[in-house]
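Engineer: Attaching a single structure in structure tokens format; questions to follow.
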Amino acid sequence: MNQQTILLIGHGSRETSGNLEVEAFADQWRARQPQRRLEVCFIEFAEVLIDEGLDRAARHGGQVVVVPLILNAAGHVKMEIPEHIEHARLRHPEVEFIYCRHLGASEDILAILKRNLRKAMTSLDMPDPRNTGVILLGRGSSDRVANGEVAKMARWLYEDGEHPMVDIAFTGITHPRLESMVQRQARLEMRQIVVLPYYLFTGTLIERIHRQMAGLQSQYPRIRFAQGDYLGFEDEIYAMLERRIDEAAHTQPPVMMECDGCKYREFAADHGHHAHHHA
């Protein structure tokens, strides 16, 4: 459809390299799908934020498909972006705005995590999963559904592998944290530990993880540590986004997120709140 514009929304990072990776991801998507018109903006920590991104996409007219380049749906995806879209509809009544689902926990994400785990294992002196614990390390959220998606991926990794332990940890907002999970696995006699970042791109938190890993290696000299890659520029991510666009543009009624239309979101909207929590 010539009148369709894709607006890709990244989270945004204080670390410039993180935002540059999102731009590079968009460039690669354009090369893969040259027929698509693609604009990019960010939720925070960037020059082009959501309102400007929506306005830029709307200048082309027709249909704007808003695509959150986000792994787990928390307040930004469930509340903030939809609110900006509603204001954009008022500013551009002639344009149709469609909102896609976030990436979410899925077999595609699992495939990337398993591949990253295998690569990390090859860096160990004794790449034996039977004495190697795994820690899936997410960003962390005040939204229990978003945190639950990390737990879901950890369980799937455990089910599909031979590792005796696959734990979850978070870099902020909620617990457990990486250090406490390493302490637990060390106490349970894991000889090697692989930390898998559950992140799409680099940024300040990825840099923090590098520093934490160096500190943990010093603290536990008898344990061999390995750090996996973040998810980034994998074929599965592009394929998921294409499916999200097709799903949003052609499925009737539209596919809804867990919290679309829920009473908590309606209450927050009615009372002017920009975040939403389940009681």
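Quick note on naming: the chains in the structure tokens go A, B, ... in the order shown, residues restart at 1 in each chain, and ligands are numbered from 1 in order of appearance.
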Would you kindly return, as a ChimeraX atom specification, each protein, DNA or RNA residue with an atom no farther than 8 Å from any atom of Ala226 in chain A, considering only C-alpha atoms and excluding same-chain residues fewer than 6 positions away?

Structural biologist: /A:120-121,123-124,192-195

Engineer: Calculated over only C-alpha atoms, which of the candidates A:Asn116, A:Ser142, A:Gln183, A:Gln28 has the smallest distance to Tyr230 in chain A?

Structural biologist: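 The shortest atom-to-atom distance to Tyr230 in chain A comes from A:Asn116.
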
Engineer: Work out how far CA of Ile98 in chain A is from CA of Ala248 in chain A, in Å to one decimal.

Structural biologist: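 Between CA of Ala248 in chain A and CA of Ile98 in chain A the gap works out to 6.8 Å.
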
Engineer: Separation of CA of Met165 in chain A and CA of Ala111 in chain A, in Å?

Structural biologist: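 Calculated distance between CA of Met165 in chain A and CA of Ala111 in chain A is 18.5 Å.
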
Engineer: Set the distance at 8 Å and use only C-alpha atoms: which residues neighbour Val145 in chain A once local chain neighbours fewer than 2 positions away are removed? I'd like the list as a list in words.

Structural biologist: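 Returned residues: Ala73, Ala74, Asp143, Asn147, Gly148 and Glu149 of chain A.
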
Engineer: Select, from A:Phe97, A:Phe201, A:Trp156, A:Trp29, the residue with the minimum atom-to-atom distance to Ser17 in chain A, counting only C-alpha atoms.

Structural biologist: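 Closest to Ser17 in chain A, using only C-alpha atoms: A:Phe201.
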
Engineer: Provide the CA of Ala26 in chain A to CA of Ala154 in chain A distance in Å, to one decimal place.

Structural biologist: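 Calculated distance between CA of Ala26 in chain A and CA of Ala154 in chain A is 28.2 Å.
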
Engineer: Looking at A:Gly10, A:Ser218, A:Val65, A:Gly18, which one is nearest to Val40 in chain A, with distances taken over only C-alpha atoms?

Structural biologist: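 Among the listed residues, the smallest separation from Val40 in chain A belongs to A:Gly10.
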
Engineer: Range 161-263 of chain A: which residues are helix (DSSP H, G or I) by DSSP, as a PDB file with N, CA, C and O atoms, in the first residue's frame?

Structural biologist:
ATOM      1  N   LEU A 178      20.888  -9.308  39.622  1.00  0.00           N
ATOM      2  CA  LEU A 178      21.880 -10.240  39.100  1.00  0.00           C
ATOM      3  C   LEU A 178      22.774 -10.809  40.196  1.00  0.00           C
ATOM      4  O   LEU A 178      23.032 -12.020  40.253  1.00  0.00           O
ATOM      5  N   GLU A 179      23.258  -9.946  41.079  1.00  0.00           N
ATOM      6  CA  GLU A 179      24.195 -10.392  42.106  1.00  0.00           C
ATOM      7  C   GLU A 179      23.587 -11.474  42.997  1.00  0.00           C
ATOM      8  O   GLU A 179      24.263 -12.444  43.368  1.00  0.00           O
ATOM      9  N   SER A 180      22.311 -11.321  43.358  1.00  0.00           N
ATOM     10  CA  SER A 180      21.699 -12.312  44.249  1.00  0.00           C
ATOM     11  C   SER A 180      21.489 -13.639  43.535  1.00  0.00           C
ATOM     12  O   SER A 180      21.591 -14.715  44.160  1.00  0.00           O
ATOM     13  N   MET A 181      21.219 -13.613  42.240  1.00  0.00           N
ATOM     14  CA  MET A 181      21.047 -14.857  41.501  1.00  0.00           C
ATOM     15  C   MET A 181      22.392 -15.572  41.301  1.00  0.00           C
ATOM     16  O   MET A 181      22.457 -16.801  41.333  1.00  0.00           O
ATOM     17  N   VAL A 182      23.455 -14.797  41.087  1.00  0.00           N
ATOM     18  CA  VAL A 182      24.780 -15.412  41.009  1.00  0.00           C
ATOM     19  C   VAL A 182      25.128 -16.049  42.352  1.00  0.00           C
ATOM     20  O   VAL A 182      25.656 -17.178  42.411  1.00  0.00           O
ATOM     21  N   GLN A 183      24.832 -15.360  43.433  1.00  0.00           N
ATOM     22  CA  GLN A 183      25.093 -15.909  44.768  1.00  0.00           C
ATOM     23  C   GLN A 183      24.338 -17.215  44.963  1.00  0.00           C
ATOM     24  O   GLN A 183      24.890 -18.201  45.491  1.00  0.00           O
ATOM     25  N   ARG A 184      23.099 -17.268  44.538  1.00  0.00           N
ATOM     26  CA  ARG A 184      22.279 -18.485  44.659  1.00  0.00           C
ATOM     27  C   ARG A 184      22.891 -19.631  43.851  1.00  0.00           C
ATOM     28  O   ARG A 184      23.014 -20.753  44.352  1.00  0.00           O
ATOM     29  N   GLN A 185      23.276 -19.345  42.606  1.00  0.00           N
ATOM     30  CA  GLN A 185      23.819 -20.415  41.772  1.00  0.00           C
ATOM     31  C   GLN A 185      25.183 -20.884  42.271  1.00  0.00           C
ATOM     32  O   GLN A 185      25.505 -22.071  42.187  1.00  0.00           O
ATOM     33  N   ALA A 186      25.969 -19.964  42.794  1.00  0.00           N
ATOM     34  CA  ALA A 186      27.254 -20.353  43.378  1.00  0.00           C
ATOM     35  C   ALA A 186      27.039 -21.257  44.592  1.00  0.00           C
ATOM     36  O   ALA A 186      27.748 -22.256  44.786  1.00  0.00           O
ATOM     37  N   ARG A 187      26.046 -20.914  45.416  1.00  0.00           N
ATOM     38  CA  ARG A 187      25.746 -21.717  46.601  1.00  0.00           C
ATOM     39  C   ARG A 187      25.286 -23.126  46.210  1.00  0.00           C
ATOM     40  O   ARG A 187      25.530 -24.097  46.933  1.00  0.00           O
ATOM     41  N   THR A 204      22.905   2.194  28.161  1.00  0.00           N
ATOM     42  CA  THR A 204      23.563   2.359  29.458  1.00  0.00           C
ATOM     43  C   THR A 204      23.465   1.097  30.311  1.00  0.00           C
ATOM     44  O   THR A 204      24.401   0.769  31.052  1.00  0.00           O
ATOM     45  N   LEU A 205      22.350   0.374  30.203  1.00  0.00           N
ATOM     46  CA  LEU A 205      22.198  -0.819  31.031  1.00  0.00           C
ATOM     47  C   LEU A 205      23.083  -1.957  30.546  1.00  0.00           C
ATOM     48  O   LEU A 205      23.589  -2.742  31.355  1.00  0.00           O
ATOM     49  N   ILE A 206      23.283  -2.073  29.251  1.00  0.00           N
ATOM     50  CA  ILE A 206      24.210  -3.089  28.741  1.00  0.00           C
ATOM     51  C   ILE A 206      25.632  -2.789  29.217  1.00  0.00           C
ATOM     52  O   ILE A 206      26.383  -3.686  29.614  1.00  0.00           O
ATOM     53  N   GLU A 207      25.998  -1.498  29.194  1.00  0.00           N
ATOM     54  CA  GLU A 207      27.324  -1.127  29.715  1.00  0.00           C
ATOM     55  C   GLU A 207      27.440  -1.450  31.196  1.00  0.00           C
ATOM     56  O   GLU A 207      28.485  -1.890  31.678  1.00  0.00           O
ATOM     57  N   ARG A 208      26.358  -1.250  31.940  1.00  0.00           N
ATOM     58  CA  ARG A 208      26.367  -1.588  33.372  1.00  0.00           C
ATOM     59  C   ARG A 208      26.544  -3.088  33.563  1.00  0.00           C
ATOM     60  O   ARG A 208      27.266  -3.530  34.468  1.00  0.00           O
ATOM     61  N   ILE A 209      25.905  -3.890  32.715  1.00  0.00           N
ATOM     62  CA  ILE A 209      26.036  -5.345  32.821  1.00  0.00           C
ATOM     63  C   ILE A 209      27.485  -5.766  32.614  1.00  0.00           C
ATOM     64  O   ILE A 209      27.999  -6.634  33.333  1.00  0.00           O
ATOM     65  N   HIS A 210      28.164  -5.152  31.641  1.00  0.00           N
ATOM     66  CA  HIS A 210      29.584  -5.464  31.427  1.00  0.00           C
ATOM     67  C   HIS A 210      30.380  -5.219  32.704  1.00  0.00           C
ATOM     68  O   HIS A 210      31.238  -6.038  33.089  1.00  0.00           O
ATOM     69  N   ARG A 211      30.118  -4.089  33.368  1.00  0.00           N
ATOM     70  CA  ARG A 211      30.853  -3.772  34.604  1.00  0.00           C
ATOM     71  C   ARG A 211      30.503  -4.766  35.715  1.00  0.00           C
ATOM     72  O   ARG A 211      31.386  -5.198  36.476  1.00  0.00           O
ATOM     73  N   GLN A 212      29.216  -5.119  35.806  1.00  0.00           N
ATOM     74  CA  GLN A 212      28.814  -6.083  36.820  1.00  0.00           C
ATOM     75  C   GLN A 212      29.491  -7.434  36.597  1.00  0.00           C
ATOM     76  O   GLN A 212      29.942  -8.078  37.555  1.00  0.00           O
ATOM     77  N   MET A 213      29.580  -7.856  35.350  1.00  0.00           N
ATOM     78  CA  MET A 213      30.197  -9.147  35.054  1.00  0.00           C
ATOM     79  C   MET A 213      31.669  -9.168  35.468  1.00  0.00           C
ATOM     80  O   MET A 213      32.160 -10.156  36.016  1.00  0.00           O
ATOM     81  N   ALA A 214      32.371  -8.071  35.214  1.00  0.00           N
ATOM     82  CA  ALA A 214      33.780  -7.992  35.617  1.00  0.00           C
ATOM     83  C   ALA A 214      33.908  -8.085  37.133  1.00  0.00           C
ATOM     84  O   ALA A 214      34.791  -8.776  37.670  1.00  0.00           O
ATOM     85  N   GLY A 215      33.021  -7.401  37.844  1.00  0.00           N
ATOM     86  CA  GLY A 215      33.046  -7.452  39.299  1.00  0.00           C
ATOM     87  C   GLY A 215      32.712  -8.833  39.841  1.00  0.00           C
ATOM     88  O   GLY A 215      33.330  -9.303  40.810  1.00  0.00           O
ATOM     89  N   LEU A 216      31.748  -9.511  39.217  1.00  0.00           N
ATOM     90  CA  LEU A 216      31.360 -10.839  39.669  1.00  0.00           C
ATOM     91  C   LEU A 216      32.480 -11.856  39.438  1.00  0.00           C
ATOM     92  O   LEU A 216      32.700 -12.745  40.259  1.00  0.00           O
ATOM     93  N   GLN A 217      33.191 -11.711  38.327  1.00  0.00           N
ATOM     94  CA  GLN A 217      34.307 -12.627  38.067  1.00  0.00           C
ATOM     95  C   GLN A 217      35.385 -12.484  39.128  1.00  0.00           C
ATOM     96  O   GLN A 217      35.983 -13.475  39.561  1.00  0.00           O
ATOM     97  N   SER A 218      35.617 -11.249  39.584  1.00  0.00           N
ATOM     98  CA  SER A 218      36.593 -11.030  40.661  1.00  0.00           C
ATOM     99  C   SER A 218      36.090 -11.585  41.983  1.00  0.00           C
ATOM    100  O   SER A 218      36.852 -12.136  42.779  1.00  0.00           O
ATOM    101  N   GLN A 219      34.791 -11.453  42.210  1.00  0.00           N
ATOM    102  CA  GLN A 219      34.204 -11.900  43.471  1.00  0.00           C
ATOM    103  C   GLN A 219      34.129 -13.420  43.565  1.00  0.00           C
ATOM    104  O   GLN A 219      34.228 -13.988  44.655  1.00  0.00           O
ATOM    105  N   ASP A 235      17.165 -12.067  12.225  1.00  0.00           N
ATOM    106  CA  ASP A 235      16.104 -12.225  11.236  1.00  0.00           C
ATOM    107  C   ASP A 235      14.739 -12.380  11.890  1.00  0.00           C
ATOM    108  O   ASP A 235      13.730 -11.889  11.361  1.00  0.00           O
ATOM    109  N   GLU A 236      14.708 -13.062  13.026  1.00  0.00           N
ATOM    110  CA  GLU A 236      13.419 -13.291  13.687  1.00  0.00           C
ATOM    111  C   GLU A 236      12.742 -11.989  14.107  1.00  0.00           C
ATOM    112  O   GLU A 236      11.505 -11.897  14.103  1.00  0.00           O
ATOM    113  N   ILE A 237      13.526 -10.972  14.486  1.00  0.00           N
ATOM    114  CA  ILE A 237      12.937  -9.701  14.910  1.00  0.00           C
ATOM    115  C   ILE A 237      12.246  -9.028  13.732  1.00  0.00           C
ATOM    116  O   ILE A 237      11.101  -8.557  13.842  1.00  0.00           O
ATOM    117  N   TYR A 238      12.921  -8.992  12.591  1.00  0.00           N
ATOM    118  CA  TYR A 238      12.298  -8.402  11.400  1.00  0.00           C
ATOM    119  C   TYR A 238      11.029  -9.167  11.017  1.00  0.00           C
ATOM    120  O   TYR A 238      10.000  -8.560  10.681  1.00  0.00           O
ATOM    121  N   ALA A 239      11.097 -10.501  11.067  1.00  0.00           N
ATOM    122  CA  ALA A 239       9.932 -11.307  10.700  1.00  0.00           C
ATOM    123  C   ALA A 239       8.768 -11.066  11.658  1.00  0.00           C
ATOM    124  O   ALA A 239       7.602 -10.984  11.234  1.00  0.00           O
ATOM    125  N   MET A 240       9.066 -10.924  12.953  1.00  0.00           N
ATOM    126  CA  MET A 240       8.008 -10.648  13.929  1.00  0.00           C
ATOM    127  C   MET A 240       7.339  -9.313  13.658  1.00  0.00           C
ATOM    128  O   MET A 240       6.112  -9.180  13.738  1.00  0.00           O
ATOM    129  N   LEU A 241       8.139  -8.291  13.344  1.00  0.00           N
ATOM    130  CA  LEU A 241       7.570  -6.975  13.067  1.00  0.00           C
ATOM    131  C   LEU A 241       6.676  -7.017  11.839  1.00  0.00           C
ATOM    132  O   LEU A 241       5.601  -6.399  11.809  1.00  0.00           O
ATOM    133  N   GLU A 242       7.105  -7.746  10.813  1.00  0.00           N
ATOM    134  CA  GLU A 242       6.265  -7.880   9.619  1.00  0.00           C
ATOM    135  C   GLU A 242       4.929  -8.540   9.961  1.00  0.00           C
ATOM    136  O   GLU A 242       3.872  -8.119   9.486  1.00  0.00           O
ATOM    137  N   ARG A 243       4.979  -9.557  10.808  1.00  0.00           N
ATOM    138  CA  ARG A 243       3.731 -10.223  11.209  1.00  0.00           C
ATOM    139  C   ARG A 243       2.857  -9.295  12.043  1.00  0.00           C
ATOM    140  O   ARG A 243       1.625  -9.312  11.907  1.00  0.00           O
ATOM    141  N   ARG A 244       3.498  -8.495  12.911  1.00  0.00           N
ATOM    142  CA  ARG A 244       2.704  -7.568  13.727  1.00  0.00           C
ATOM    143  C   ARG A 244       1.971  -6.560  12.834  1.00  0.00           C
ATOM    144  O   ARG A 244       0.813  -6.214  13.077  1.00  0.00           O
ATOM    145  N   ILE A 245       2.659  -6.072  11.807  1.00  0.00           N
ATOM    146  CA  ILE A 245       2.036  -5.111  10.890  1.00  0.00           C
ATOM    147  C   ILE A 245       0.883  -5.756  10.153  1.00  0.00           C
ATOM    148  O   ILE A 245      -0.231  -5.193  10.054  1.00  0.00           O
ATOM    149  N   ASP A 246       1.099  -6.943   9.624  1.00  0.00           N
ATOM    150  CA  ASP A 246       0.040  -7.643   8.885  1.00  0.00           C
ATOM    151  C   ASP A 246      -1.140  -7.939   9.796  1.00  0.00           C
ATOM    152  O   ASP A 246      -2.306  -7.778   9.402  1.00  0.00           O
ATOM    153  N   GLU A 247      -0.840  -8.350  11.007  1.00  0.00           N
ATOM    154  CA  GLU A 247      -1.866  -8.665  11.998  1.00  0.00           C
ATOM    155  C   GLU A 247      -2.708  -7.429  12.327  1.00  0.00           C
ATOM    156  O   GLU A 247      -3.939  -7.485  12.378  1.00  0.00           O
ATOM    157  N   ALA A 248      -2.030  -6.295  12.540  1.00  0.00           N
ATOM    158  CA  ALA A 248      -2.743  -5.067  12.916  1.00  0.00           C
ATOM    159  C   ALA A 248      -3.567  -4.513  11.758  1.00  0.00           C
ATOM    160  O   ALA A 248      -4.669  -3.992  11.962  1.00  0.00           O
ATOM    161  N   ALA A 249      -3.034  -4.604  10.546  1.00  0.00           N
ATOM    162  CA  ALA A 249      -3.691  -3.972   9.397  1.00  0.00           C
ATOM    163  C   ALA A 249      -4.823  -4.817   8.819  1.00  0.00           C
ATOM    164  O   ALA A 249      -5.727  -4.273   8.181  1.00  0.00           O
ATOM    165  N   HIS A 250      -4.800  -6.140   9.043  1.00  0.00           N
ATOM    166  CA  HIS A 250      -5.739  -7.005   8.330  1.00  0.00           C
ATOM    167  C   HIS A 250      -6.616  -7.875   9.216  1.00  0.00           C
ATOM    168  O   HIS A 250      -7.497  -8.561   8.705  1.00  0.00           O
ATOM    169  N   LYS A 263     -10.351  -2.230  32.791  1.00  0.00           N
ATOM    170  CA  LYS A 263     -10.882  -1.166  33.637  1.00  0.00           C
ATOM    171  C   LYS A 263      -9.776  -0.311  34.236  1.00  0.00           C
ATOM    172  O   LYS A 263      -9.978   0.881  34.486  1.00  0.00           O
TER     173      LYS A 263
END

Engineer: Find, counting only C-alpha atoms, the residue in A:Asp160, A:Lys119, A:Thr171, A:Glu234 that gets nearest to Phe25 in chain A.

Structural biologist: A:Glu234

Engineer: For each of A:Lys114, A:Val77, A:Gln3, A:His84, take the minimum atom-to-atom distance to Val64 in chain A, counting only C-alpha atoms, then give the residue where this is smallest.

Structural biologist: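 Going through A:Lys114, A:Val77, A:Gln3, A:His84 one by one, the smallest distance to Val64 in chain A is for A:Gln3.
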
Engineer: Return the single residue from A:Pro127, A:Pro34, A:Gly61, A:Pro197 that is closest to Leu231 in chain A, with distances computed using only C-alpha atoms.

Structural biologist: A:Pro197
